[in-house]
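What follows is a single structure, written as structure tokens, with notes after it.
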Number of protein chains: 2
Amino acid sequence: MADFAAPLARLIDEFKRLPGIGQKSAQRIAFHVMRASRDEAERLAQTIMDVKDRLRICVQCNNISDAELCQYCTNPDRDQSMVCVVEDPNNIVGVEVTRQFNGVYHVLGGALSPLRGIGPDQLKIKNLIERIGRGEVREVIVATNPTVEGEATAVYLSKLLKPLGMKVTRIAMGVPVGSDLEFADEVTMWKAMEGRREI
Amino acid sequence: MADFAAPLARLIDEFKRLPGIGQKSAQRIAFHVMRASRDEAERLAQTIMDVKDRLRICVQCNNISDAELCQYCTNPDRDQSMVCVVEDPNNIVGVEVTRQFNGVYHVLGGALSPLRGIGPDQLKIKNLIERIGRGEVREVIVATNPTVEGEATAVYLSKLLKPLGMKVTRIAMGVPVGSDLEFADEVTMWKAMEGRREI
């Protein structure tokens, strides 16, 4: 392998630790940073530290926030009675890009996984119950991942919340739009058949 | 688009400026940094600044270095009489990965490009001439890019250095190994025919 000057080699190593960045991309980015102005490099370094220093967790929904409550919980234009439950803060992005959901969120911080020792106590379910207890919530949409763990979590939440008189729904599973049925796996295809609707 | 907390949105923007990083990758990396420990984030930020603060240019070959002379120029195991001329420091990586070249380098800092106003005076040719003047160099291998600009630079260097009694060579152009001839463009194919060797 090529020898880089030590600080450059270290930066390439650092970038390689980031998700989706291999040796070649890391080199390309490190060379880019090296060629950038000192101001630009400083802004990047500072922004990295800001994310660690200025962000915290919304006390109501556990989303990432720069204040006590996140931008969804404090937004008067959002319907506070519809709560979309997701595993992680980044799953919110996936829902938001649809521009179809105008409710709020609740981040569990994972999904039930006995194999990895994650039980209900490891998930942030307590403040969801409290939130429902305050009587604002009409519907809980469970948007955990379409995996075994995500499904188990959805079933658990449904059993927990329905006795409280809550409407609990689950996002639809089926064949992705724009895909070819030829490439659909059997479980997805089965979910698509099972979830069929009259047209 | 999803609203991110301000520090996170800024970090996503910063990562999007880096080469080869789009919106989705930037989000993924930013979330990764956010989840990483403060120590890890600090190390990344510090390494970025180190690259700006600790690196300089080798006074002999213009490669990136953390000392006055780079690791190739000071390496007693490298053949100082073979100088491989490249456009940019990152082109050295491409030569080094072959593990076949044991000489040293000279970085021009670009290639001749009248359209972009880059003439011989904008390239670091002066210290190459000085280096040759000291009499250590036997052969100059021009490994500028196989582009119009790279070729023009190679021809220019050849005309400049040959009168000094220097052996000037150019890397071979032809069809890349492992490729299919069907996909070779006409210029590459022509170069491959022209550069044919007896077997």
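Ordering of the structure tokens sets the chain letters (A, B, ...); residue numbers start at 1 within each chain; ligands are numbered from 1 in the order shown.
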Next item on the list: Identify every residue of chain A that has at least one atom within 8 Å of any atom of chain B, counting only C-alpha atoms, and report the result as an MDAnalysis selection string.
Entry: chainID A and resid 1:8 10:11 14:15 18:20 25 28:29 31:34 38 41:42 44:52 54:55 64:66 70:71 90 92:93 96:97 99
- Item | Contacts of region 136-152 of chain B at 9 Å (only C-alpha atoms; same-chain gap of 2+ positions) as a PyMOL selection string | chain B and resi 80-88+91+95+108+110-114+131-134+154-158+161+166-171+173
I need the residues of chain A that end up classed as strand (DSSP E or B) by DSSP on the backbone, written out as a ChimeraX atom specification. /A:56-57,64-65,82-86,104-107,113,118,139-142,167-170
**Item:** Those of chain A in DSSP alpha helix (DSSP H), formatted as number ranges by chain
**Value:** A: 6-16, 23-35, 38-54, 89-96, 126-133, 148-161, 186-194
